[in-house]
>>> print(open('query-v1.cif').read())   # mmCIF, C-alpha atoms
data_structure
loop_
_atom_site.label_atom_id
_atom_site.label_comp_id
_atom_site.auth_asym_id
_atom_site.auth_seq_id
_atom_site.Cartn_x
_atom_site.Cartn_y
_atom_site.Cartn_z
CA MET A 7 12.24 -20.83 -2.65
CA ASP A 8 10.00 -20.62 -5.72
CA ILE A 9 10.17 -16.82 -6.13
CA LYS A 10 12.68 -13.99 -6.11
CA HIS A 11 11.46 -10.86 -4.38
CA PHE A 12 11.62 -7.46 -6.01
CA PHE A 13 12.78 -4.82 -3.54
CA ILE A 14 14.12 -1.28 -3.27
CA GLU A 15 17.19 -0.78 -1.11
CA LYS A 16 18.58 2.45 0.29
CA GLY A 17 20.85 3.69 3.08
CA GLN A 18 23.38 2.20 5.47
CA GLY A 19 23.23 0.92 9.04
CA GLU A 20 20.97 -1.53 10.82
CA PRO A 21 18.55 -3.30 8.47
CA LEU A 22 14.96 -2.03 8.42
CA ILE A 23 12.49 -4.02 6.30
CA LEU A 24 9.26 -2.38 5.09
CA LEU A 25 6.24 -4.56 4.23
CA HIS A 26 3.34 -3.02 2.27
CA GLY A 27 -0.39 -3.78 2.42
CA ASN A 28 -2.85 -5.83 0.38
CA GLY A 29 -2.78 -5.22 -3.36
CA GLU A 30 0.05 -2.68 -3.06
CA SER A 31 3.80 -2.66 -3.62
CA CYS A 32 6.95 -1.29 -2.03
CA GLU A 33 6.14 2.04 -3.72
CA TYR A 34 3.68 2.64 -0.88
CA PHE A 35 6.66 3.67 1.28
CA ARG A 36 8.00 6.39 -1.04
CA GLY A 37 7.35 8.92 1.75
CA GLN A 38 9.46 6.88 4.19
CA MET A 39 12.49 5.68 2.22
CA ASP A 40 14.59 8.85 2.32
CA ALA A 41 13.71 9.68 5.93
CA PHE A 42 14.54 6.20 7.21
CA ALA A 43 17.60 5.71 4.97
CA ARG A 44 19.41 8.52 6.78
CA ARG A 45 19.84 6.14 9.72
CA TYR A 46 19.08 2.63 8.45
CA HIS A 47 19.72 0.20 5.62
CA VAL A 48 16.16 0.13 4.29
CA TYR A 49 14.67 -2.72 2.27
CA ALA A 50 11.15 -2.12 0.88
CA VAL A 51 9.98 -5.52 -0.38
CA ASP A 52 7.21 -6.56 -2.77
CA THR A 53 5.27 -9.46 -1.24
CA ARG A 54 4.61 -12.66 -3.21
CA GLY A 55 2.12 -11.91 -6.00
CA HIS A 56 2.32 -8.14 -5.41
CA GLY A 57 4.11 -5.43 -7.37
CA LYS A 58 7.00 -6.95 -9.30
CA THR A 59 7.36 -10.12 -7.24
CA PRO A 60 5.91 -13.20 -8.98
CA ARG A 61 3.05 -15.24 -7.54
CA GLY A 62 4.93 -18.55 -7.52
CA GLU A 63 3.30 -21.87 -6.70
CA ARG A 64 3.15 -21.87 -2.92
CA PRO A 65 0.07 -20.94 -0.85
CA PHE A 66 -1.13 -17.34 -1.00
CA THR A 67 -1.43 -16.77 2.74
CA ILE A 68 -0.06 -14.43 5.40
CA ARG A 69 1.84 -17.31 7.00
CA GLN A 70 3.49 -18.22 3.69
CA PHE A 71 4.46 -14.57 3.24
CA ALA A 72 6.08 -14.65 6.70
CA ASP A 73 8.11 -17.69 5.65
CA ASP A 74 8.97 -15.91 2.39
CA LEU A 75 10.36 -13.04 4.49
CA ARG A 76 12.62 -15.45 6.37
CA CYS A 77 13.93 -16.74 3.02
CA PHE A 78 14.48 -13.15 1.83
CA MET A 79 16.49 -12.37 4.95
CA ASP A 80 18.54 -15.55 4.58
CA GLU A 81 19.21 -14.78 0.91
CA HIS A 82 20.49 -11.30 1.72
CA GLY A 83 22.48 -12.27 4.80
CA ILE A 84 20.19 -10.39 7.20
CA GLU A 85 20.41 -12.18 10.53
CA LYS A 86 18.16 -9.74 12.40
CA ALA A 87 16.18 -6.68 11.34
CA HIS A 88 13.74 -4.04 12.42
CA LEU A 89 10.37 -4.77 10.76
CA LEU A 90 7.74 -2.21 9.79
CA GLY A 91 4.56 -3.68 8.35
CA PHE A 92 1.48 -1.83 7.13
CA SER A 93 -1.98 -3.49 7.07
CA ASP A 94 -1.44 -7.01 5.63
CA GLY A 95 2.27 -6.22 5.89
CA GLY A 96 1.70 -5.62 9.60
CA ASN A 97 0.02 -9.01 9.80
CA ILE A 98 3.00 -10.60 8.04
CA ALA A 99 5.40 -8.90 10.47
CA MET A 100 3.25 -9.98 13.43
CA ILE A 101 3.25 -13.65 12.35
CA PHE A 102 6.98 -13.46 11.57
CA ALA A 103 7.77 -12.06 15.02
CA MET A 104 5.83 -14.90 16.65
CA ARG A 105 7.48 -17.60 14.53
CA TYR A 106 11.02 -16.22 14.40
CA PRO A 107 11.49 -13.98 17.46
CA GLU A 108 15.27 -14.24 17.25
CA ARG A 109 15.21 -12.56 13.80
CA VAL A 110 13.41 -9.38 14.89
CA ASP A 111 15.06 -6.39 16.54
CA ARG A 112 12.23 -3.83 16.84
CA LEU A 113 8.75 -4.29 15.44
CA ILE A 114 6.33 -1.67 14.08
CA LEU A 115 2.76 -2.82 13.39
CA ASN A 116 0.80 -0.20 11.44
CA GLY A 117 -2.90 -0.91 10.92
CA ALA A 118 -2.59 -4.63 11.66
CA ASN A 119 -5.51 -6.80 12.77
CA LEU A 120 -6.03 -10.17 14.43
CA ASP A 121 -9.10 -11.27 12.47
CA THR A 122 -12.04 -9.97 10.44
CA ARG A 123 -13.81 -8.84 13.60
CA GLY A 124 -11.15 -6.17 13.95
CA VAL A 125 -12.16 -4.48 10.70
CA LYS A 126 -15.02 -1.98 10.66
CA ARG A 127 -18.07 -3.66 9.11
CA ALA A 128 -18.59 -0.91 6.53
CA VAL A 129 -15.24 -1.97 5.07
CA GLN A 130 -15.33 -5.71 5.71
CA ILE A 131 -18.78 -6.50 4.29
CA PRO A 132 -17.99 -5.27 0.73
CA VAL A 133 -14.70 -7.20 0.87
CA GLU A 134 -16.52 -10.41 1.78
CA ILE A 135 -19.13 -9.90 -0.95
CA GLY A 136 -16.39 -9.22 -3.50
CA TYR A 137 -14.51 -12.31 -2.36
CA ARG A 138 -17.54 -14.56 -2.80
CA MET A 139 -18.24 -13.14 -6.26
CA ALA A 140 -14.62 -13.48 -7.38
CA LYS A 141 -14.46 -17.03 -6.05
CA LEU A 142 -17.64 -17.89 -7.95
CA PHE A 143 -16.02 -16.89 -11.25
CA SER A 144 -12.46 -17.95 -10.42
CA GLY A 145 -12.76 -21.15 -12.47
CA ARG A 146 -13.59 -19.19 -15.62
CA SER A 147 -11.32 -16.17 -15.35
CA GLU A 148 -7.68 -15.78 -14.35
CA SER A 149 -8.31 -12.21 -13.18
CA ALA A 150 -11.20 -13.40 -10.99
CA ARG A 151 -8.98 -16.12 -9.51
CA ALA A 152 -6.25 -13.59 -8.72
CA ASN A 153 -8.82 -11.20 -7.24
CA ALA A 154 -10.26 -13.99 -5.08
CA GLU A 155 -6.80 -14.78 -3.75
CA MET A 156 -6.10 -11.14 -2.92
CA LEU A 157 -9.47 -10.57 -1.22
CA GLY A 158 -9.12 -13.92 0.51
CA LEU A 159 -6.20 -12.52 2.51
CA MET A 160 -8.69 -10.11 4.12
CA VAL A 161 -11.33 -12.80 4.68
CA ASN A 162 -9.34 -15.85 5.77
CA ASP A 163 -6.28 -14.29 7.44
CA PRO A 164 -4.53 -13.68 9.77
CA ASN A 165 -6.70 -15.34 12.47
CA VAL A 166 -4.38 -14.77 15.41
CA ARG A 167 -5.56 -15.34 18.97
CA PRO A 168 -4.65 -12.47 21.33
CA GLU A 169 -2.72 -14.78 23.65
CA GLU A 170 -0.46 -15.84 20.75
CA LEU A 171 0.96 -12.32 20.72
CA GLU A 172 2.69 -13.05 24.01
CA ALA A 173 5.28 -15.00 21.98
CA ILE A 174 6.56 -11.73 20.51
CA ARG A 175 9.81 -10.74 22.20
CA ALA A 176 10.64 -7.62 20.20
CA LYS A 177 10.05 -4.16 21.56
CA THR A 178 6.99 -3.12 19.56
CA LEU A 179 5.26 0.03 18.32
CA VAL A 180 1.58 -0.45 17.51
CA ILE A 181 0.50 2.51 15.41
CA ALA A 182 -2.77 3.33 13.63
CA GLY A 183 -4.79 6.23 12.30
CA THR A 184 -7.34 8.02 14.45
CA LYS A 185 -9.93 7.20 11.76
CA ASP A 186 -8.48 3.82 10.81
CA LEU A 187 -10.54 1.08 9.17
CA ILE A 188 -9.22 -1.19 11.94
CA LYS A 189 -11.35 -0.84 15.05
CA PRO A 190 -9.49 1.04 17.81
CA SER A 191 -10.53 -1.70 20.25
CA GLN A 192 -8.57 -4.31 18.29
CA THR A 193 -5.56 -2.03 17.86
CA ARG A 194 -5.52 -1.59 21.63
CA GLN A 195 -5.98 -5.34 22.13
CA ILE A 196 -2.90 -6.03 20.01
CA ALA A 197 -0.83 -3.57 22.07
CA GLU A 198 -2.13 -4.95 25.36
CA HIS A 199 -1.09 -8.53 24.51
CA ILE A 200 2.43 -7.81 23.24
CA PRO A 201 4.66 -7.79 26.33
CA ASP A 202 6.88 -4.80 25.48
CA SER A 203 4.75 -2.53 23.34
CA ARG A 204 3.78 1.10 22.90
CA LEU A 205 0.52 2.35 21.35
CA VAL A 206 0.35 5.49 19.20
CA PHE A 207 -2.53 6.95 17.19
CA VAL A 208 -1.65 9.37 14.39
CA GLU A 209 -4.18 11.79 12.92
CA GLY A 210 -5.65 10.31 9.75
CA ASN A 211 -7.17 7.17 8.24
CA HIS A 212 -5.67 3.74 7.49
CA PHE A 213 -3.06 5.24 5.15
CA ILE A 214 -1.24 7.52 7.58
CA ALA A 215 2.22 6.71 6.18
CA GLY A 216 1.19 8.08 2.81
CA LYS A 217 -1.15 10.87 3.90
CA ASN A 218 0.55 12.08 7.09
CA PRO A 219 4.17 11.03 6.52
CA GLU A 220 5.79 13.69 8.69
CA GLU A 221 3.97 12.66 11.88
CA PHE A 222 4.15 8.95 11.02
CA ASN A 223 7.89 9.05 10.29
CA ARG A 224 8.58 11.02 13.46
CA ALA A 225 6.69 8.47 15.60
CA VAL A 226 8.56 5.56 13.98
CA LEU A 227 12.02 7.16 14.22
CA ASP A 228 11.42 8.25 17.82
CA PHE A 229 10.59 4.63 18.64
CA LEU A 230 13.56 3.16 16.75
CA THR A 231 16.13 5.58 18.12
CA GLU A 232 15.05 5.91 21.75
#
>>> encode(input="query-v1.cif", output="structure tokens")
Amino acid sequence: MDIKHFFIEKGQGEPLILLHGNGESCEYFRGQMDAFARRYHVYAVDTRGHGKTPRGERPFTIRQFADDLRCFMDEHGIEKAHLLGFSDGGNIAMIFAMRYPERVDRLILNGANLDTRGVKRAVQIPVEIGYRMAKLFSGRSESARANAEMLGLMVNDPNVRPEELEAIRAKTLVIAGTKDLIKPSQTRQIAEHIPDSRLVFVEGNHFIAGKNPEEFNRAVLDFLTE
């Protein structure tokens, strides 16, 4: 392992790992930590190249981040955990659950997507333009290179076929905002292809955990404790 993850840890009980979105850090879940820590041993983890976790030398891809998560769990003696991933974190959790089904207890996918077609065009087009511009200047500027890598996660990943989701064995909550930047049709498609899943829409946009934490937390805890 070429990196050491920064993480915040709180609570006791079954492990619950929180995975943030693109360009963010574990601080995104400040509205969830206390609520979840009353029942679970919560780990909010900074992804490779995000927050306080170093970039390292390995590929900057969703699939690498999923393998990084396996290493994190091994390092901390976590044999099996509940996973909650938001946005790119949801994509990491989704890939992880397909690759390592025996390591996942319950799975919460918040604002995840299968491919770029699942993102509303008003959001995706500026991302793709920004990616091309950053890539153009990446050879001359370190900040442009880093920006190209970050935007590239939203252009080149996760590229999951719907039928691949059938490999997920964990009981799953698929949750998104009513005005999410992920198309509702793709959110429903994800839920339809995961064998044991439940679909919930919470009032709000893509960032429901931060902007509507009470309803989001209730939906997640109801799912975990049923």
>>> resolve_selection(input="query-v1.cif", expression="the PyMOL selection byres ((chain A and resi 109) around 7)", output="list in words")
Glu85, Lys86, Ala87, Tyr106, Pro107, Glu108, Val110 and Asp111 of chain A
>>> write_last_selection(input="query-v1.cif", atoms="C-alpha atoms", output="mmCIF file, in the coordinates of the input")
data_model
loop_
_atom_site.group_PDB
_atom_site.id
_atom_site.type_symbol
_atom_site.label_atom_id
_atom_site.label_comp_id
_atom_site.auth_asym_id
_atom_site.auth_seq_id
_atom_site.Cartn_x
_atom_site.Cartn_y
_atom_site.Cartn_z
ATOM 1 C CA GLU A 85 20.410 -12.180 10.530
ATOM 2 C CA LYS A 86 18.160 -9.740 12.400
ATOM 3 C CA ALA A 87 16.180 -6.680 11.340
ATOM 4 C CA TYR A 106 11.020 -16.220 14.400
ATOM 5 C CA PRO A 107 11.490 -13.980 17.460
ATOM 6 C CA GLU A 108 15.270 -14.240 17.250
ATOM 7 C CA VAL A 110 13.410 -9.380 14.890
ATOM 8 C CA ASP A 111 15.060 -6.390 16.540
#
>>> resolve_selection(input="query-v1.cif", expression="the PyMOL selection byres ((chain A and resi 184) around 6)", output="number ranges by chain")
A: 183, 185-186, 207-210
>>> residues_around(input="query-v1.cif", residues="Pro164 in chain A", least_positions_apart="2", cutoff="7 Å", atoms="all atoms listed in the file", output="JSON, numbers by chain")
{"A": [68, 97, 120, 121, 162, 166]}
>>> residues_around(input="query-v1.cif", residues="Leu25 in chain A", least_positions_apart="4", cutoff="9 Å", atoms="only C-alpha atoms", output="ChimeraX atom specification")
/A:31-32,35,49-53,89-96,98-99
>>> closest_residue(input="query-v1.cif", among="A:Glu134, A:Glu232, A:Glu220, A:Asp73", to="Asp40 in chain A", atoms="only C-alpha atoms")
A:Glu220
>>> resolve_selection(input="query-v1.cif", expression="the PyMOL selection byres ((chain A and resi 12-20) around 12)", output="PyMOL selection string")
chain A and resi 9-11+21-26+31-36+38-61+75+78-79+82+84-89+110-112+230-231
>>> atom_distance(input="query-v1.cif", atom1="CA of Asn28 in chain A", atom2="CA of Tyr137 in chain A")
13.6 Å
>>> atom_distance(input="query-v1.cif", atom1="CA of Pro201 in chain A", atom2="CA of Arg175 in chain A")
7.2 Å
>>> residues_around(input="query-v1.cif", residues="Leu187 in chain A", least_positions_apart="6", cutoff="12 Å", atoms="all atoms listed in the file", output="PDB file with C-alpha atoms, keeping the file's coordinate frame")
ATOM      1  CA  SER A  93      -1.980  -3.490   7.070  1.00  0.00           C
ATOM      2  CA  ASN A 116       0.800  -0.200  11.440  1.00  0.00           C
ATOM      3  CA  GLY A 117      -2.900  -0.910  10.920  1.00  0.00           C
ATOM      4  CA  ALA A 118      -2.590  -4.630  11.660  1.00  0.00           C
ATOM      5  CA  ASN A 119      -5.510  -6.800  12.770  1.00  0.00           C
ATOM      6  CA  THR A 122     -12.040  -9.970  10.440  1.00  0.00           C
ATOM      7  CA  ARG A 123     -13.810  -8.840  13.600  1.00  0.00           C
ATOM      8  CA  GLY A 124     -11.150  -6.170  13.950  1.00  0.00           C
ATOM      9  CA  VAL A 125     -12.160  -4.480  10.700  1.00  0.00           C
ATOM     10  CA  LYS A 126     -15.020  -1.980  10.660  1.00  0.00           C
ATOM     11  CA  ARG A 127     -18.070  -3.660   9.110  1.00  0.00           C
ATOM     12  CA  ALA A 128     -18.590  -0.910   6.530  1.00  0.00           C
ATOM     13  CA  VAL A 129     -15.240  -1.970   5.070  1.00  0.00           C
ATOM     14  CA  GLN A 130     -15.330  -5.710   5.710  1.00  0.00           C
ATOM     15  CA  THR A 193      -5.560  -2.030  17.860  1.00  0.00           C
ATOM     16  CA  GLY A 210      -5.650  10.310   9.750  1.00  0.00           C
ATOM     17  CA  ASN A 211      -7.170   7.170   8.240  1.00  0.00           C
ATOM     18  CA  HIS A 212      -5.670   3.740   7.490  1.00  0.00           C
ATOM     19  CA  PHE A 213      -3.060   5.240   5.150  1.00  0.00           C
ATOM     20  CA  ILE A 214      -1.240   7.520   7.580  1.00  0.00           C
TER      21      ILE A 214
END
>>> closest_residue(input="query-v1.cif", among="A:Leu142, A:Thr178, A:Gly27, A:Ile114", to="Met156 in chain A", atoms="only C-alpha atoms")
A:Gly27
>>> atom_distance(input="query-v1.cif", atom1="CA of Glu63 in chain A", atom2="CA of Cys77 in chain A")
15.3 Å
>>> closest_residue(input="query-v1.cif", among="A:Glu148, A:Glu172, A:Asp163, A:Glu155", to="Ala103 in chain A", atoms="only C-alpha atoms")
A:Glu172
